[in-house]
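Everything on this sheet refers to the single structure shown next.
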Amino acid sequence: MGKAQRRKRETWLQFLWAVADVTGLIAAFWLAFLIRFHSPLARFVPVTLGVPPFRYYLIAAVLTGLLSIPIFRALGLYSVRGAGYGTGLWGLLRGVTSSLVFAAALAFFYRHVTFSRVVIPIAWMLAVPLVALLRRAATATVRGRMRRDP
């Protein structure tokens, strides 16, 4: 495989990882919202201010997902070669944690809407495996394509 072809595939993989990261974080927020407000958890941790509109959580999820890209990049999670290759669990933990700490900070400083503090840890617990799984799927997709294409 030539240098140009290899670079093209690396760029494609990095793009798919970014899509996986954003998708995983948005899905984690959505699932965390459902778990927090529409599951038996609401009986154990009562919802005192009513169920907020999901659109605020969706906006926070999309912002967190998009802002995770530079965070993941700074942590070397888009490096196709070397120690940062793939889905190193420690790197993903750091990246997801940093992204969600940023989301919590945004929620703290944005006073027009009250966000449930329970959603962030639930989203964190869901985001790590979701992002890891989606990144593995992206990697498998590119590797499978590499095997088929000469």
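In the structure tokens, each chain is lettered A, B, ... as it comes, each chain's residues begin at 1, and ligands are numbered from 1 in order of appearance.
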### Message
Give me, as a VMD selection string, all polymer residues having an atom no more than 8 Å from segment 35-45 of chain A, counting only C-alpha atoms and skipping those fewer than 5 positions away in the same chain.
### Response
chain A and resid 51 118 to 119
Selected residues, all heavy atoms, written as an mmCIF file, in the first residue's frame, please.
```cif
data_model
loop_
_atom_site.group_PDB
_atom_site.id
_atom_site.type_symbol
_atom_site.label_atom_id
_atom_site.label_comp_id
_atom_site.auth_asym_id
_atom_site.auth_seq_id
_atom_site.Cartn_x
_atom_site.Cartn_y
_atom_site.Cartn_z
ATOM 1 N N VAL A 51 -39.765 16.861 35.473
ATOM 2 C CA VAL A 51 -38.925 16.379 34.377
ATOM 3 C C VAL A 51 -38.660 17.546 33.427
ATOM 4 O O VAL A 51 -39.592 18.124 32.876
ATOM 5 C CB VAL A 51 -39.599 15.221 33.618
ATOM 6 C CG1 VAL A 51 -38.750 14.775 32.443
ATOM 7 C CG2 VAL A 51 -39.870 14.057 34.569
ATOM 8 N N VAL A 118 -27.384 14.168 38.740
ATOM 9 C CA VAL A 118 -27.325 12.710 38.658
ATOM 10 C C VAL A 118 -27.063 12.250 37.218
ATOM 11 O O VAL A 118 -26.482 11.192 36.996
ATOM 12 C CB VAL A 118 -28.643 12.103 39.208
ATOM 13 C CG1 VAL A 118 -28.657 10.597 39.085
ATOM 14 C CG2 VAL A 118 -28.850 12.527 40.644
ATOM 15 N N VAL A 119 -27.437 13.066 36.240
ATOM 16 C CA VAL A 119 -27.293 12.674 34.841
ATOM 17 C C VAL A 119 -25.819 12.542 34.451
ATOM 18 O O VAL A 119 -25.454 11.620 33.718
ATOM 19 C CB VAL A 119 -28.031 13.671 33.913
ATOM 20 C CG1 VAL A 119 -27.686 13.438 32.453
ATOM 21 C CG2 VAL A 119 -29.533 13.567 34.120
#
```
### Query
Mind checking DSSP for chain A and telling me the helix (DSSP H, G or I) residues as JSON, numbers by chain?
{"A": [3, 4, 5, 6, 7, 8, 9, 10, 11, 12, 13, 14, 15, 16, 17, 18, 19, 20, 21, 22, 23, 24, 25, 26, 27, 28, 29, 30, 31, 32, 33, 34, 35, 36, 37, 41, 42, 43, 44, 54, 55, 56, 57, 58, 59, 60, 61, 62, 63, 64, 65, 66, 67, 68, 69, 70, 71, 72, 73, 74, 82, 83, 84, 89, 90, 91, 92, 93, 94, 95, 96, 97, 98, 99, 100, 101, 102, 103, 104, 105, 106, 107, 108, 109, 119, 120, 121, 122, 123, 124, 125, 126, 127, 128, 129, 130, 131, 132, 133, 134, 135, 136, 137, 138, 139, 140, 141, 142, 143, 144, 145, 146, 147, 148]}
### Among listed residues A:Leu134, A:Leu66, A:Leu75, A:Leu13, nearest Leu93 of chain A (using only C-alpha atoms)
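Smallest distance to Leu93 of chain A is found for A:Leu75.
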### Task
For Arg73 of chain A, work out the shell of residues within 10 Å, counting only C-alpha atoms and skipping chain neighbours fewer than 6 positions away, then give it as a PyMOL selection string.
chain A and resi 14+18+79+95
### Message
Using only C-alpha atoms, can you tell me which of A:Phe109, A:Arg9, A:Leu133, A:Ala74 comes closest to Asp21 of chain A?
### Response
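Checking each of A:Phe109, A:Arg9, A:Leu133, A:Ala74 against Asp21 of chain A, counting only C-alpha atoms, the winner is A:Leu133.
Picture a line from atom CA of Leu31 of chain A to atom CA of Ile120 of chain A; it runs 11.0 Å.
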### Query
Suppose you want the space between atom CA of Trp30 of chain A and atom CA of Val96 of chain A; what is it in Å?
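Those two atoms sit 15.4 Å apart.
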### Task
Write out as a ChimeraX atom specification the residues lying within 9 Å of Ala20 of chain A, counting only C-alpha atoms and excluding same-chain residues fewer than 6 positions away.
/A:130-135,137-138
Could you please take those selected residues and save C-alpha atoms as a compact mmCIF listing (two decimals), in the first residue's frame?
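Saved file out_34.txt follows:
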```txt
# COMPACT_ATOMS: atom_id res chain seq x y z
CA LEU A 130 -20.33 3.21 24.32
CA VAL A 131 -17.39 5.21 22.97
CA ALA A 132 -15.08 2.18 23.25
CA LEU A 133 -17.59 -0.03 21.42
CA LEU A 134 -18.22 2.50 18.65
CA ARG A 135 -14.49 3.09 18.20
CA ALA A 137 -16.65 -0.85 15.27
CA ALA A 138 -15.04 2.03 13.34
```
### Task
Rank A:Phe72, A:Phe102, A:Trp12, A:Phe33 by their smallest atom-to-atom distance to Phe54 of chain A, using only C-alpha atoms, and report the top residue only.
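Result for the nearest residue to Phe54 of chain A: A:Phe33.
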